[in-house]
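J.: Supplied in structure tokens, the structure appears directly below.
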Amino acid sequence: MSRWLTLLCSLLLISGCAAYATHQFDNMFGTQSPENRVAEVSDTDTAFYNEQVKPILDSRCVSCHACYDAPCQLKFTASEGIERGGSKDLVYDGTRLLAASPTRLFIDAKSTDEWRSKGFHPVLNEREQSPSANLQGSLLYRAIALRAKQGDFTQPVLPDSYDFSLARDQQCVSIENYQQFEQDYPDWGMPYGLPALSADEYDVLTRWLAKGGKMPDAKPLPIKLQQQVALWESRLNGDDLKGRLVSRYIFEHLYLYSLYLGDGEEFRFQLVRSKTPPGEPIDRIATRRPYDPPGVDHVYYRLWADPEVKVQKNHIPMQLDEARYARWQSYFYGEDYEVTRDPGYAPEVATNPFKTFREIPAYGRYRFLLDHSQKTIMSFIKGPVCRGQVAVNVINEQFWVYFLDPEVAYNKGSADYLEDQVQNLDLPAIGSSNTLSPTSWITFSEQQKSYLSAKAALIEKEVGKTIPLDLSVIWDGDGNNQNAALTIFRHFDNASVVKGMVGQYPKTAWVIDYPLLERIHYLLVAGFDVYGNVGHQLVTRLYMDFLRMEGEMNFLLLLPKEDRESIRKYWYRDVNQTIKDYIFSDYIKVDSQTQVQYKTDDHQSELYEKLRDKLSAVLDHSYDLEQSKLTLDQRNALYKLQAVRGGGLVNLPNVATVLVTKQGVPLDVISMIHNKAHANISSLLDEEATRLPEEDGVTLVKGVLGDYPNVLMQVEESELINWANQVANLKTKEDYSALLDSFGIRRTHPNFWFVSDAIGNLNKIDRPRESGILDYNRLENR
């Protein structure tokens, strides 16, 4: 009882202190209200913000304050995020028993008042509007002032008083309590754990905040762009059942994409559901998932102009042009079929795309997804996750992905058969975000076994007839589509998906067919709720095991049947008996012999080369070192480094982003990816127990690969060979520290922002459409 009384007294004391602090601020500057910030933004204010203020916010704040993992949910990606402010509530909580209420910017509230009612506190002054009040009442100003007061760093590695872990306790204080925060955490000004703003940058933000932190409305769309929006909205809102079902299918797969209608980069759009038809202001339908009941009789699909700055970790760009529209028309209308009913939004139907969209021919659906397969796969990595260990610890560090050719392997008979089977494959989202328990995995497991058994039987029956087991089953991108081969890199709790066969031969590879591709999307994108409870997140992770094994099984079918079990055993060394029983059971075995002719003893490597040759016309080579500005000797040194295995490589971070300079002038960027080896990747909670550091390797590529660099480096091109040798000869943590002493741009380095800006500029030049601001929440401190 005494312990409870002590806790109660403490809570009352904290509440009392907060109330007193609020009272003090009210006495000094008046009562807080968002209405106090309503003021005219002049042309001069607009120019000052767009030309001087916004570039600083974008380059110094957004790298840590974007997506759901922004500290305190404070997003600097758009003015609406700054007006919304911060919150103490966590988005990422892997232990919660009940799903949380979503707090998605632009979706779950429509005004600053609504955000205040949801517990968000302001970071700009919402009291009396005077220069003094605007500064003292602004969390943003107080935070950069606190960092300026701290001064330059005096040591290369910051002390333990800084907490850079993703799961750190966040001190999301309101302005009323910031004075106490300044006393308790004098080194926690902004940018947190990074060099302070320059004197000029500090002066610009101070002048802006003193005048009220005015931010102009978004620019109006040019007339030509408005006309294109109207054209596409008319195409997406047909009145007939077929048109509405096709548009629903498109929406449920593209709702996370950044859609471009013109040639420029200034305007991009998101496809949203609206209560209002084209021609009227968008009234967005806010649901947890894109297929949840909309609450209206008629859904309209609208193009909403996205005002947020591009952030690479969640940017999925797609060009909407006449060529793409013509392809969509051929996919969805090239075959004569009839849609007889609206499938509705009941969970048992909407969570299973094979039920919802059954009347659209599977061939057309698969063609649609293949057309942009990199983005389809990328969505589960760049989608709502932004902190995705639950999603990505189910995949290997580096592997290649290929696709079944819809013309060869997805003929009418086999398509219908698989469709009938998948109708009975429910996905975890059928249990909502709250009610799932890990025991439901057993049900999903049995359904998956039944499906794979039927699939194996179909292959056995049709091999040599409708389904050849040779390279003709692999989609070649129709000779022009670079989406035919992909490389996926995992970087612990995030990942990258790029076109081409990048890097060395991977341990594993996948071949994906339509049912597998569709389930990946509805498991990890459309059906995944980042605000869901622990049960939802756990079962989602467990189900993804099935999908990985299925993709691997498809690949193994191209190898001699006598190789399949031994290779699979190598992939799953040291797994427990339950996993072994699943992997090596009869229901996923196909005894038919491959029809691929092999000439060497290393069948897997030979298969990779055969696939490279088959896809040579469409392989993307933009990440190849040959595309860099490095000399032949420098490239050879990097290739030699790629051949190193084990040893001191274990000390490397997941992603190192390296700026190559020539006499201090930015020349090029290379990325070094640490490929961490595992005995298997079936461990849910103890990944470290499966690590095999003696098998680690690295992949080196031209340009930025990885949206979350763990360390920045700067290497003079004359020192690049020496740098590669030093990495190759790493033995200890001390060796890695010495490498950073020579080449590292640590958090504390005075050149940090110069290197950061140079990498950003070169990244934009390399990939103007795909690039965006990198995320610095995972920068190391060592």
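By convention here, the chains of the structure tokens are called A, B, ... in the order presented, each chain's residues are numbered starting at 1, and ligands are numbered starting at 1 in the order presented.
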Report as a PyMOL selection string all protein, DNA and RNA residues lying within 7 Å of Gln663 in chain A, evaluated on only C-alpha atoms, omitting residues in the same chain fewer than 2 positions from it.

T.: chain A and resi 661+665+716

J.: Determine which residues of range 598-730 of chain A DSSP labels as alpha helix (DSSP H) from the backbone of this structure, then write them out as an MDAnalysis selection string.

T.: chainID A and resid 603:614 632:642 720:728

J.: Those same residues - N, CA and C atoms - I'd like them written as a short mmCIF file (atom, residue, chain, number, x, y, z; two decimals), in the first residue's frame.

T.:
data_model
loop_
_atom_site.label_atom_id
_atom_site.label_comp_id
_atom_site.auth_asym_id
_atom_site.auth_seq_id
_atom_site.Cartn_x
_atom_site.Cartn_y
_atom_site.Cartn_z
N HIS A 603 26.59 -26.51 -59.56
CA HIS A 603 25.35 -26.27 -60.28
C HIS A 603 24.71 -24.94 -59.92
N GLN A 604 24.76 -24.56 -58.65
CA GLN A 604 24.09 -23.31 -58.25
C GLN A 604 24.77 -22.10 -58.89
N SER A 605 26.10 -22.06 -58.86
CA SER A 605 26.81 -20.94 -59.49
C SER A 605 26.57 -20.94 -61.00
N GLU A 606 26.55 -22.12 -61.60
CA GLU A 606 26.30 -22.20 -63.04
C GLU A 606 24.90 -21.72 -63.37
N LEU A 607 23.94 -22.03 -62.51
CA LEU A 607 22.57 -21.56 -62.73
C LEU A 607 22.51 -20.04 -62.67
N TYR A 608 23.23 -19.46 -61.71
CA TYR A 608 23.26 -17.99 -61.65
C TYR A 608 23.79 -17.41 -62.96
N GLU A 609 24.82 -18.01 -63.51
CA GLU A 609 25.39 -17.48 -64.75
C GLU A 609 24.44 -17.70 -65.93
N LYS A 610 23.74 -18.81 -65.95
CA LYS A 610 22.75 -19.04 -66.99
C LYS A 610 21.64 -17.99 -66.91
N LEU A 611 21.22 -17.67 -65.70
CA LEU A 611 20.19 -16.65 -65.53
C LEU A 611 20.71 -15.27 -65.93
N ARG A 612 21.97 -14.99 -65.57
CA ARG A 612 22.56 -13.72 -65.97
C ARG A 612 22.58 -13.59 -67.50
N ASP A 613 22.92 -14.69 -68.16
CA ASP A 613 22.97 -14.67 -69.61
C ASP A 613 21.57 -14.50 -70.21
N LYS A 614 20.59 -15.21 -69.64
CA LYS A 614 19.22 -15.11 -70.15
C LYS A 614 18.67 -13.70 -70.01
N LEU A 632 40.88 1.78 -62.85
CA LEU A 632 40.87 0.32 -62.88
C LEU A 632 41.55 -0.25 -61.65
N ASP A 633 42.69 0.32 -61.26
CA ASP A 633 43.40 -0.17 -60.08
C ASP A 633 42.55 0.00 -58.82
N GLN A 634 41.85 1.10 -58.72
CA GLN A 634 41.00 1.32 -57.55
C GLN A 634 39.85 0.33 -57.51
N ARG A 635 39.25 0.08 -58.67
CA ARG A 635 38.15 -0.89 -58.72
C ARG A 635 38.64 -2.29 -58.37
N ASN A 636 39.83 -2.64 -58.87
CA ASN A 636 40.38 -3.96 -58.57
C ASN A 636 40.63 -4.13 -57.07
N ALA A 637 41.03 -3.06 -56.41
CA ALA A 637 41.23 -3.13 -54.96
C ALA A 637 39.91 -3.38 -54.25
N LEU A 638 38.84 -2.79 -54.76
CA LEU A 638 37.52 -3.02 -54.15
C LEU A 638 37.04 -4.44 -54.45
N TYR A 639 37.30 -4.95 -55.65
CA TYR A 639 36.93 -6.34 -55.95
C TYR A 639 37.69 -7.31 -55.05
N LYS A 640 38.97 -6.99 -54.79
CA LYS A 640 39.77 -7.83 -53.89
C LYS A 640 39.17 -7.82 -52.49
N LEU A 641 38.70 -6.67 -52.06
CA LEU A 641 38.06 -6.57 -50.75
C LEU A 641 36.79 -7.41 -50.71
N GLN A 642 36.04 -7.43 -51.82
CA GLN A 642 34.80 -8.22 -51.87
C GLN A 642 35.07 -9.72 -51.73
N LEU A 720 42.28 5.58 -51.84
CA LEU A 720 41.21 4.59 -51.88
C LEU A 720 41.76 3.15 -51.79
N ILE A 721 42.86 2.89 -52.46
CA ILE A 721 43.43 1.55 -52.40
C ILE A 721 43.91 1.24 -50.98
N ASN A 722 44.51 2.22 -50.35
CA ASN A 722 44.94 2.05 -48.96
C ASN A 722 43.74 1.80 -48.04
N TRP A 723 42.64 2.53 -48.30
CA TRP A 723 41.42 2.33 -47.50
C TRP A 723 40.90 0.91 -47.67
N ALA A 724 40.84 0.41 -48.90
CA ALA A 724 40.35 -0.94 -49.16
C ALA A 724 41.22 -1.98 -48.47
N ASN A 725 42.55 -1.78 -48.52
CA ASN A 725 43.45 -2.72 -47.86
C ASN A 725 43.27 -2.69 -46.35
N GLN A 726 43.05 -1.50 -45.82
CA GLN A 726 42.88 -1.39 -44.37
C GLN A 726 41.60 -2.11 -43.93
N VAL A 727 40.51 -1.97 -44.71
CA VAL A 727 39.27 -2.69 -44.40
C VAL A 727 39.50 -4.20 -44.50
N ALA A 728 40.17 -4.62 -45.56
CA ALA A 728 40.39 -6.05 -45.77
C ALA A 728 41.21 -6.68 -44.66
#

J.: Leaving out Asp306 in chain A and any residue of its chain fewer than 2 positions from it, which residues lie within 7 Å of it when counting only C-alpha atoms, given as a list in words?

T.: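 In the requested form, the answer reads Arg268, Phe269, Gln270, Trp304 and Glu308 of chain A.
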
J.: I need the residues in range 482-591 of chain A that are strand (DSSP E) according to DSSP; give them as a PyMOL selection string.

T.: chain A and resi 486-490+495-499+508-512

J.: Go ahead and save the residues from that selection, with C-alpha atoms, as a PDB file, in the first residue's frame.

T.:
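To be explicit, this is the file written out as out.pdb:
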ATOM      1  CA  LEU A 486      16.189  -7.913 -58.323  1.00  0.00           C
ATOM      2  CA  THR A 487      18.720  -7.903 -55.507  1.00  0.00           C
ATOM      3  CA  ILE A 488      17.630  -7.574 -51.903  1.00  0.00           C
ATOM      4  CA  PHE A 489      20.067  -6.510 -49.196  1.00  0.00           C
ATOM      5  CA  ARG A 490      19.144  -6.701 -45.545  1.00  0.00           C
ATOM      6  CA  ALA A 495      16.592  -3.463 -46.273  1.00  0.00           C
ATOM      7  CA  SER A 496      17.106  -2.323 -49.854  1.00  0.00           C
ATOM      8  CA  VAL A 497      15.639  -3.625 -53.109  1.00  0.00           C
ATOM      9  CA  VAL A 498      17.507  -2.737 -56.304  1.00  0.00           C
ATOM     10  CA  LYS A 499      17.288  -3.873 -59.900  1.00  0.00           C
ATOM     11  CA  THR A 508      19.976 -18.249 -51.596  1.00  0.00           C
ATOM     12  CA  ALA A 509      17.665 -17.015 -54.329  1.00  0.00           C
ATOM     13  CA  TRP A 510      13.910 -16.856 -54.852  1.00  0.00           C
ATOM     14  CA  VAL A 511      11.695 -17.481 -57.832  1.00  0.00           C
ATOM     15  CA  ILE A 512       8.371 -15.726 -57.292  1.00  0.00           C
TER      16      ILE A 512
END

J.: Tell me, as a list in words, which residues lie within 12 Å of Leu231 in chain A, counting only C-alpha atoms; anything in the same chain fewer than 6 positions away does not count.

T.: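 Listed by chain and then number, they are Lys224, Leu225, Asn237, Gly238, Leu261, Pro278, Gly279, Arg302, Leu303, Leu320, Asp321, Glu322 and Tyr325 of chain A.
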